[in-house]
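Pasting structure_16.cif here (mmCIF, C-alpha atoms):
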data_coords
#
loop_
_atom_site.label_atom_id
_atom_site.label_comp_id
_atom_site.auth_asym_id
_atom_site.auth_seq_id
_atom_site.Cartn_x
_atom_site.Cartn_y
_atom_site.Cartn_z
CA MET A 255 145.50 -5.83 40.03
CA SER A 256 148.35 -7.70 38.35
CA ASP A 257 148.31 -7.77 34.54
CA SER A 258 148.46 -11.60 34.71
CA VAL A 259 145.16 -11.76 36.67
CA ILE A 260 141.95 -11.15 34.74
CA ARG A 261 139.06 -10.87 37.16
CA ILE A 262 135.42 -11.26 36.13
CA LEU A 263 132.72 -10.02 38.53
CA LEU A 264 129.37 -11.85 38.28
CA VAL A 265 126.33 -10.17 39.86
CA ASP A 266 122.89 -11.79 40.19
CA ASP A 267 120.44 -12.09 43.06
CA GLU A 268 119.70 -15.72 42.10
CA GLN A 269 122.30 -18.28 43.25
CA PRO A 270 121.43 -20.84 40.53
CA ILE A 271 122.26 -18.19 37.90
CA LEU A 272 125.59 -17.47 39.58
CA ARG A 273 126.42 -21.18 39.67
CA SER A 274 125.54 -21.54 35.97
CA LEU A 275 127.75 -18.61 35.04
CA THR A 276 130.60 -20.02 37.16
CA ARG A 277 130.36 -23.38 35.33
CA LEU A 278 130.33 -21.57 31.97
CA PHE A 279 133.60 -19.73 32.69
CA THR A 280 135.32 -22.62 34.47
CA PHE A 281 137.70 -23.33 31.58
CA GLU A 282 138.39 -19.68 30.78
CA PRO A 283 141.62 -18.06 32.09
CA TYR A 284 139.73 -15.78 34.47
CA GLU A 285 139.49 -15.31 38.19
CA LEU A 286 135.78 -15.35 39.05
CA VAL A 287 134.21 -13.39 41.90
CA SER A 288 130.49 -13.03 42.53
CA ALA A 289 127.98 -10.91 44.42
CA SER A 290 124.22 -11.21 44.95
CA ASN A 291 123.50 -7.47 45.28
CA ALA A 292 124.78 -4.09 44.17
CA ALA A 293 126.34 -3.12 47.50
CA ASP A 294 128.52 -6.24 47.65
CA ALA A 295 129.47 -5.83 44.00
CA LEU A 296 130.59 -2.23 44.51
CA ALA A 297 132.60 -3.25 47.58
CA LEU A 298 134.40 -5.89 45.49
CA LEU A 299 135.12 -3.30 42.79
CA ARG A 300 136.57 -0.88 45.32
CA GLY A 301 138.79 -3.63 46.68
CA SER A 302 140.19 -4.74 43.33
CA GLU A 303 139.58 -3.85 39.71
CA SER A 304 137.70 -6.27 37.49
CA ALA A 305 138.18 -6.56 33.75
CA VAL A 306 134.49 -7.28 33.19
CA ILE A 307 131.39 -6.94 35.35
CA LEU A 308 128.43 -9.07 34.24
CA SER A 309 125.26 -7.97 36.00
CA ASP A 310 121.61 -8.92 35.90
CA TYR A 311 119.17 -6.12 35.16
CA ASP A 312 116.92 -6.78 38.16
CA LEU A 313 118.80 -7.22 41.45
CA GLY A 314 115.81 -6.80 43.76
CA GLY A 315 116.93 -3.34 44.95
CA VAL A 316 119.46 -1.16 43.20
CA GLY A 317 119.05 -2.20 39.56
CA GLY A 318 121.74 -3.41 37.23
CA VAL A 319 121.85 -0.14 35.25
CA GLU A 320 122.39 1.88 38.43
CA LEU A 321 125.09 -0.60 39.54
CA LEU A 322 126.96 -0.29 36.25
CA ARG A 323 126.64 3.50 36.37
CA GLU A 324 128.35 3.57 39.79
CA ALA A 325 130.86 0.94 38.69
CA ARG A 326 131.91 3.25 35.87
CA GLN A 327 132.84 5.91 38.43
CA ILE A 328 134.97 3.45 40.43
CA THR A 329 136.76 1.60 37.62
CA PRO A 330 136.11 3.39 34.31
CA ASP A 331 138.09 0.86 32.24
CA THR A 332 135.97 -2.11 33.34
CA SER A 333 133.75 -3.50 30.56
CA ARG A 334 130.15 -3.49 31.82
CA ILE A 335 127.75 -6.15 30.48
CA LEU A 336 124.05 -6.24 31.34
CA PHE A 337 121.83 -9.27 30.86
CA SER A 338 118.12 -9.85 31.48
CA GLY A 339 115.04 -11.57 30.18
CA HIS A 340 112.89 -8.44 30.38
CA ILE A 341 114.05 -4.86 30.29
CA ASP A 342 112.91 -1.29 29.82
CA ILE A 343 114.04 -0.51 26.27
CA ASP A 344 114.14 3.25 26.84
CA LEU A 345 116.19 2.81 30.00
CA LEU A 346 118.56 0.43 28.22
CA ARG A 347 118.98 2.88 25.32
CA GLN A 348 119.87 5.67 27.75
CA ALA A 349 122.35 3.43 29.58
CA VAL A 350 124.07 2.35 26.36
CA ASN A 351 124.18 5.87 24.94
CA GLY A 352 125.46 7.24 28.27
CA GLY A 353 128.32 4.75 28.35
CA GLU A 354 127.18 2.84 31.44
CA VAL A 355 126.61 -0.39 29.49
CA TYR A 356 129.14 -1.87 27.07
CA ARG A 357 127.06 -4.85 25.91
CA PHE A 358 123.59 -6.27 26.52
CA VAL A 359 122.86 -10.02 26.52
CA THR A 360 119.36 -11.53 26.75
CA LYS A 361 118.21 -14.27 29.09
CA PRO A 362 118.28 -17.15 28.62
CA TRP A 363 121.67 -16.55 27.08
CA ASN A 364 123.51 -18.39 24.38
CA ASP A 365 126.72 -19.77 25.90
CA ASP A 366 128.89 -18.98 22.88
CA GLU A 367 127.42 -15.49 22.57
CA LEU A 368 128.01 -14.74 26.27
CA LEU A 369 131.54 -16.16 26.19
CA GLN A 370 132.35 -14.04 23.15
CA ALA A 371 130.90 -10.93 24.76
CA VAL A 372 133.05 -11.42 27.87
CA ARG A 373 136.19 -12.16 25.83
CA GLN A 374 135.67 -9.00 23.82
CA GLY A 375 135.07 -7.12 27.06
CA VAL A 376 138.40 -8.40 28.41
CA GLU A 377 140.20 -7.31 25.23
CA ARG A 378 138.60 -3.87 25.51
CA TRP A 379 139.70 -3.58 29.16
CA GLN A 380 143.26 -4.64 28.31
CA LEU A 381 143.45 -2.11 25.48
CA LEU A 382 142.11 0.74 27.63
CA ARG A 383 144.47 -0.21 30.46
CA HIS A 384 147.44 -0.35 28.07
CA ASN A 385 146.56 3.03 26.56
CA ARG A 386 146.16 4.55 30.00
CA LEU A 387 149.58 3.25 31.08
CA LEU A 388 151.14 4.63 27.89
CA ALA A 389 149.51 8.01 28.50
CA GLU A 390 150.76 8.07 32.11
CA HIS A 391 154.25 7.09 30.97
CA ALA A 392 154.25 9.81 28.30
CA GLU A 393 153.03 12.35 30.86
CA GLU A 394 155.81 11.36 33.28
CA GLN A 395 158.39 11.66 30.50
CA ASN A 396 157.05 15.11 29.65
CA ARG A 397 157.37 16.13 33.31
CA GLN A 398 160.93 14.84 33.42
CA LEU A 399 161.72 16.64 30.16
CA LYS A 400 160.33 19.90 31.55
CA ARG A 401 162.43 19.49 34.71
CA PHE A 402 165.50 18.73 32.62
CA ASN A 403 164.91 21.77 30.39
CA ALA A 404 164.40 24.00 33.42
CA GLU A 405 167.61 22.70 35.03
CA LEU A 406 169.47 23.12 31.73
CA GLU A 407 168.22 26.68 31.33
CA HIS A 408 169.33 27.43 34.90
CA MET A 409 172.78 25.93 34.25
CA VAL A 410 173.13 27.87 30.99
CA SER A 411 172.04 31.07 32.74
CA GLU A 412 174.57 30.54 35.53
CA ARG A 413 177.33 29.66 33.04
CA THR A 414 176.50 32.71 30.93
CA ALA A 415 176.60 34.98 33.98
CA ALA A 416 179.93 33.45 35.03
CA LEU A 417 181.38 33.93 31.54
CA GLU A 418 180.18 37.53 31.43
CA LEU A 419 181.78 38.19 34.82
CA ARG A 420 184.99 36.53 33.69
CA ASN A 421 185.03 38.55 30.48
CA ARG A 422 184.54 41.77 32.42
CA ALA A 423 187.37 40.78 34.76
CA LEU A 424 189.64 39.96 31.81
CA SER A 425 188.77 43.24 30.12
CA LEU A 426 189.52 45.13 33.33
CA SER A 427 192.79 43.23 33.75
CA GLN A 428 193.80 44.12 30.20
CA ASP A 429 192.95 47.79 30.84
CA VAL A 430 195.13 47.73 33.95
CA LEU A 431 198.00 46.08 32.05
CA ASP A 432 197.71 48.58 29.20
CA GLY A 433 197.99 51.44 31.70
CA LEU A 434 201.27 50.23 33.19
CA PRO A 435 204.43 52.25 32.36
CA VAL A 436 206.34 49.01 31.69
CA ALA A 437 206.01 46.46 28.93
CA VAL A 438 204.49 43.16 30.12
CA VAL A 439 204.68 39.97 28.08
CA GLY A 440 203.25 36.60 29.15
CA ILE A 441 204.80 33.54 27.54
CA ALA A 442 203.17 30.10 27.63
CA PRO A 443 205.25 26.91 28.11
CA ASP A 444 205.02 26.19 24.36
CA GLY A 445 206.63 29.54 23.56
CA GLN A 446 203.49 31.30 22.41
CA VAL A 447 202.72 34.81 23.53
CA ALA A 448 199.85 34.56 25.97
CA LEU A 449 199.46 38.30 26.55
CA ALA A 450 201.13 41.57 25.69
CA ASN A 451 200.12 44.94 27.05
CA ASP A 452 199.97 48.18 25.09
CA LEU A 453 203.56 49.23 25.77
CA ALA A 454 204.87 45.77 24.84
CA ARG A 455 203.02 45.94 21.55
CA ARG A 456 204.47 49.40 20.91
CA LEU A 457 208.02 48.30 21.72
CA PHE A 458 207.71 45.01 19.83
CA PRO A 459 205.06 45.31 17.07
CA ASP A 460 205.66 41.71 15.98
CA LEU A 461 204.30 40.32 19.27
CA LEU A 462 200.91 38.76 18.60
CA PRO A 463 199.10 36.95 21.42
CA GLY A 464 198.41 33.35 20.52
CA GLU A 465 201.37 33.05 18.18
CA ALA A 466 204.98 32.08 18.65
CA PRO A 467 207.34 35.11 18.63
CA PRO A 468 209.14 35.68 15.30
CA PRO A 469 212.81 34.85 15.94
CA SER A 470 214.11 37.34 13.39
CA ALA A 471 212.50 40.27 15.16
CA VAL A 472 212.76 39.61 18.87
CA ALA A 473 215.19 36.73 19.37
CA PRO A 474 217.46 38.85 21.61
CA LEU A 475 214.49 39.58 23.87
CA TRP A 476 213.97 35.87 24.63
CA GLU A 477 217.70 35.35 25.12
CA TRP A 478 217.74 38.21 27.62
CA SER A 479 214.69 36.79 29.40
CA ARG A 480 216.41 33.43 29.81
CA GLU A 481 219.50 35.15 31.18
CA ALA A 482 217.37 37.14 33.63
CA LEU A 483 215.53 33.95 34.68
CA VAL A 484 218.81 32.10 35.28
CA SER A 485 220.40 34.97 37.18
CA GLY A 486 217.31 35.55 39.31
CA THR A 487 217.85 39.31 39.14
CA GLY A 488 216.95 42.01 36.67
CA LEU A 489 219.08 42.25 33.54
CA VAL A 490 219.98 45.60 31.96
CA VAL A 491 220.69 45.33 28.24
CA ASN A 492 221.31 47.66 25.33
CA GLY A 493 219.10 46.76 22.42
CA SER A 494 218.18 48.44 19.19
CA LEU A 495 215.51 50.31 21.16
CA GLY A 496 218.01 51.61 23.71
CA PRO A 497 218.81 50.51 27.25
CA MET A 498 216.16 48.29 28.86
CA ARG A 499 215.80 46.41 32.12
CA ILE A 500 214.50 42.84 31.73
CA GLU A 501 212.85 41.06 34.66
CA VAL A 502 211.27 37.60 34.49
CA MET A 503 208.97 35.79 36.91
CA ALA A 504 208.46 32.03 36.49
CA LEU A 505 204.87 30.75 36.81
CA GLY A 506 205.67 27.03 36.80
CA GLU A 507 203.61 25.06 34.30
CA ARG A 508 201.81 28.23 33.21
CA GLY A 509 204.95 29.78 31.67
CA VAL A 510 206.67 33.08 32.53
CA VAL A 511 205.85 36.77 32.78
CA MET A 512 208.47 39.18 31.49
CA THR A 513 208.62 42.93 32.11
CA VAL A 514 210.65 45.27 29.95
CA ILE A 515 211.39 48.70 31.42
CA PRO A 516 212.78 51.22 28.91
CA LEU A 517 215.64 53.22 30.48
CA GLY A 518 216.63 55.46 27.61
CA THR A 519 215.74 59.14 28.08
CA THR A 520 214.52 59.61 24.53
CA LEU A 521 212.55 56.37 24.41
CA GLY A 522 211.19 56.81 27.92
CA THR A 523 210.14 60.39 27.26
CA THR A 524 208.40 59.46 24.01
CA LEU A 525 206.52 56.49 25.51
CA GLY A 526 205.75 58.44 28.68
CA THR A 527 204.26 61.27 26.67
CA THR A 528 202.21 58.85 24.53
CA LEU A 529 200.91 56.87 27.52
CA GLY A 530 200.38 60.08 29.50
CA THR A 531 198.13 61.35 26.74
CA THR A 532 196.18 58.08 26.87
CA LEU A 533 195.91 58.01 30.67
CA GLY A 534 195.50 61.78 31.13
CA THR A 535 198.88 62.24 32.93
CA THR A 536 202.59 62.45 32.19
CA ILE A 537 204.86 59.46 32.93
CA ALA A 538 208.48 60.39 33.62
CA PRO A 539 211.24 58.22 32.11
CA HIS A 540 212.82 55.64 34.46
CA GLY A 541 215.47 57.21 36.64
CA SER A 542 214.45 60.85 36.00
CA ALA A 543 213.26 63.27 38.65
CA THR A 544 209.54 63.93 38.85
#

What does this structure look like when you write it as structure tokens?
Amino acid sequence: MSDSVIRILLVDDEQPILRSLTRLFTFEPYELVSASNAADALALLRGSESAVILSDYDLGGVGGVELLREARQITPDTSRILFSGHIDIDLLRQAVNGGEVYRFVTKPWNDDELLQAVRQGVERWQLLRHNRLLAEHAEEQNRQLKRFNAELEHMVSERTAALELRNRALSLSQDVLDGLPVAVVGIAPDGQVALANDLARRLFPDLLPGEAPPPSAVAPLWEWSREALVSGTGLVVNGSLGPMRIEVMALGERGVVMTVIPLGTTLGTTLGTTLGTTLGTTIAPHGSAT
């Protein structure tokens, strides 16, 4: 039922009573429906919810208390009002205490009292309906929050696994680079050292990944690398560390990779012995017989 429609169900087996009740509520903002027995009343309730059901106690078959008890099962928010000129007090007490009856009005009724009872019943129905909608909305939000948290946990788990795999791959790559018998230096476009393997760090202790190379210490190295890059072939130079072969590979926007191969017998033998101890083998100097 739309929130703008407030339906009142009137139930009495006497048509004059139904007509009197209809006249009483004519100027109230309610949609009035009526039934002369319990079966018709329950059918109306199943078809559309009513804010208030106003039923006579004696319906000539199924009584008003039994009707309101069944009505509670169909539309629990509906305010149930019972009215009668004679009633079983014990039965009424049980009905009120059991929640089947919201209010009881005596016959003949006082118009103002009955109008007030119905108005309060409508307010009760609206409040219960509002609270139920709020509870359903909160429950739906909780379900959405649980789904979001589960999806977030899954994404975090996948991202963590991917990062762990990447870290293992990077660690393995670094191990491979450190085991090479040549010095490898990666240079980013901004001039910072992106990577340096073990031999490069031994040859040039001032190389620190993530920092720009100190010009006072290794300026000739970068000059040689530029010469090798321009020439497109390897460049053999004599530096303070002895003869070395410089080769450079351009990586476009990612920078360059430079390899430095020591050619000196003394330097090559010393580094080969040191790396051979690390790797469990002996590396012969470049150009020597194995």

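Proximity to Glu282 of chain A at 12 Å, evaluated using only C-alpha atoms and with sequence-adjacent residues fewer than 6 positions away removed, yields A:Val259, A:Ile260, A:Arg261, A:Ile262, A:Leu275, A:Thr276, A:Leu369, A:Gln370, A:Val372, A:Arg373, A:Val376.
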
Selected residue, from A:Tyr356, A:Phe402, A:Phe281, A:Trp363, that lies nearest to Arg326 of chain A when counting all atoms listed in the file: A:Tyr356

Expansion of the PyMOL selection byres ((chain A and resi 338) around 9) into residues, as a PDB file with C-alpha atoms, keeping the file's coordinate frame:
ATOM      1  CA  SER A 309     125.260  -7.970  36.000  1.00  0.00           C
ATOM      2  CA  ASP A 310     121.610  -8.920  35.900  1.00  0.00           C
ATOM      3  CA  TYR A 311     119.170  -6.120  35.160  1.00  0.00           C
ATOM      4  CA  ASP A 312     116.920  -6.780  38.160  1.00  0.00           C
ATOM      5  CA  LEU A 336     124.050  -6.240  31.340  1.00  0.00           C
ATOM      6  CA  PHE A 337     121.830  -9.270  30.860  1.00  0.00           C
ATOM      7  CA  GLY A 339     115.040 -11.570  30.180  1.00  0.00           C
ATOM      8  CA  HIS A 340     112.890  -8.440  30.380  1.00  0.00           C
ATOM      9  CA  ILE A 341     114.050  -4.860  30.290  1.00  0.00           C
ATOM     10  CA  PHE A 358     123.590  -6.270  26.520  1.00  0.00           C
ATOM     11  CA  VAL A 359     122.860 -10.020  26.520  1.00  0.00           C
ATOM     12  CA  THR A 360     119.360 -11.530  26.750  1.00  0.00           C
ATOM     13  CA  LYS A 361     118.210 -14.270  29.090  1.00  0.00           C
ATOM     14  CA  PRO A 362     118.280 -17.150  28.620  1.00  0.00           C
ATOM     15  CA  TRP A 363     121.670 -16.550  27.080  1.00  0.00           C
TER      16      TRP A 363
END

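Taking atom CA of Pro330 of chain A and atom CA of Glu354 of chain A as endpoints, the distance between them is 9.4 Å.
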
Computed interatomic separation between atom CA of Leu431 of chain A and atom CA of Leu517 of chain A (Å): 19.1 Å

Given the PyMOL selection byres ((chain A and resi 454) around 9), the residues it picks as a PyMOL selection string: chain A and resi 432+436-439+450-453+455-459+461+513-514

Which residues of segment 272-364 of chain A come within 8 Å of segment 263-267 of chain A, and what is each one's closest atom pair and distance in Å (one decimal), counting all atoms listed in the file, sorted by chain and residue number, as JSON lines?
{"residue": "A:Leu272", "atom": "CA", "partner": "A:Asp266", "partner_atom": "CA", "distance": 6.3}
{"residue": "A:Leu275", "atom": "CA", "partner": "A:Leu264", "partner_atom": "CA", "distance": 7.7}
{"residue": "A:Leu286", "atom": "CA", "partner": "A:Leu263", "partner_atom": "CA", "distance": 6.2}
{"residue": "A:Val287", "atom": "CA", "partner": "A:Leu263", "partner_atom": "CA", "distance": 5.0}
{"residue": "A:Ser288", "atom": "CA", "partner": "A:Leu264", "partner_atom": "CA", "distance": 4.6}
{"residue": "A:Ala289", "atom": "CA", "partner": "A:Val265", "partner_atom": "CA", "distance": 4.9}
{"residue": "A:Ser290", "atom": "CA", "partner": "A:Asp267", "partner_atom": "CA", "distance": 4.3}
{"residue": "A:Asn291", "atom": "CA", "partner": "A:Asp267", "partner_atom": "CA", "distance": 6.0}
{"residue": "A:Ala292", "atom": "CA", "partner": "A:Val265", "partner_atom": "CA", "distance": 7.6}
{"residue": "A:Ala295", "atom": "CA", "partner": "A:Val265", "partner_atom": "CA", "distance": 6.8}
{"residue": "A:Ser304", "atom": "CA", "partner": "A:Leu263", "partner_atom": "CA", "distance": 6.3}
{"residue": "A:Val306", "atom": "CA", "partner": "A:Leu263", "partner_atom": "CA", "distance": 6.3}
{"residue": "A:Ile307", "atom": "CA", "partner": "A:Leu263", "partner_atom": "CA", "distance": 4.6}
{"residue": "A:Leu308", "atom": "CA", "partner": "A:Leu264", "partner_atom": "CA", "distance": 5.0}
{"residue": "A:Ser309", "atom": "CA", "partner": "A:Val265", "partner_atom": "CA", "distance": 4.6}
{"residue": "A:Asp310", "atom": "CA", "partner": "A:Asp266", "partner_atom": "CA", "distance": 5.3}
{"residue": "A:Leu313", "atom": "CA", "partner": "A:Asp267", "partner_atom": "CA", "distance": 5.4}
{"residue": "A:Gly314", "atom": "CA", "partner": "A:Asp267", "partner_atom": "CA", "distance": 7.1}

C-alpha atoms of the current selection, written as a PDB file, in the coordinates of the input:
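Below you can see out-v3.pdb, which holds the result:
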ATOM      1  CA  LEU A 272     125.590 -17.470  39.580  1.00  0.00           C
ATOM      2  CA  LEU A 275     127.750 -18.610  35.040  1.00  0.00           C
ATOM      3  CA  LEU A 286     135.780 -15.350  39.050  1.00  0.00           C
ATOM      4  CA  VAL A 287     134.210 -13.390  41.900  1.00  0.00           C
ATOM      5  CA  SER A 288     130.490 -13.030  42.530  1.00  0.00           C
ATOM      6  CA  ALA A 289     127.980 -10.910  44.420  1.00  0.00           C
ATOM      7  CA  SER A 290     124.220 -11.210  44.950  1.00  0.00           C
ATOM      8  CA  ASN A 291     123.500  -7.470  45.280  1.00  0.00           C
ATOM      9  CA  ALA A 292     124.780  -4.090  44.170  1.00  0.00           C
ATOM     10  CA  ALA A 295     129.470  -5.830  44.000  1.00  0.00           C
ATOM     11  CA  SER A 304     137.700  -6.270  37.490  1.00  0.00           C
ATOM     12  CA  VAL A 306     134.490  -7.280  33.190  1.00  0.00           C
ATOM     13  CA  ILE A 307     131.390  -6.940  35.350  1.00  0.00           C
ATOM     14  CA  LEU A 308     128.430  -9.070  34.240  1.00  0.00           C
ATOM     15  CA  SER A 309     125.260  -7.970  36.000  1.00  0.00           C
ATOM     16  CA  ASP A 310     121.610  -8.920  35.900  1.00  0.00           C
ATOM     17  CA  LEU A 313     118.800  -7.220  41.450  1.00  0.00           C
ATOM     18  CA  GLY A 314     115.810  -6.800  43.760  1.00  0.00           C
TER      19      GLY A 314
END

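You will find atom CA of Ala404 of chain A at 28.4 Å from atom CA of Asn385 of chain A.
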
Among listed residues A:Glu320, A:Glu377, A:Glu405, A:Glu367, nearest Val355 of chain A (using all atoms listed in the file): A:Glu320
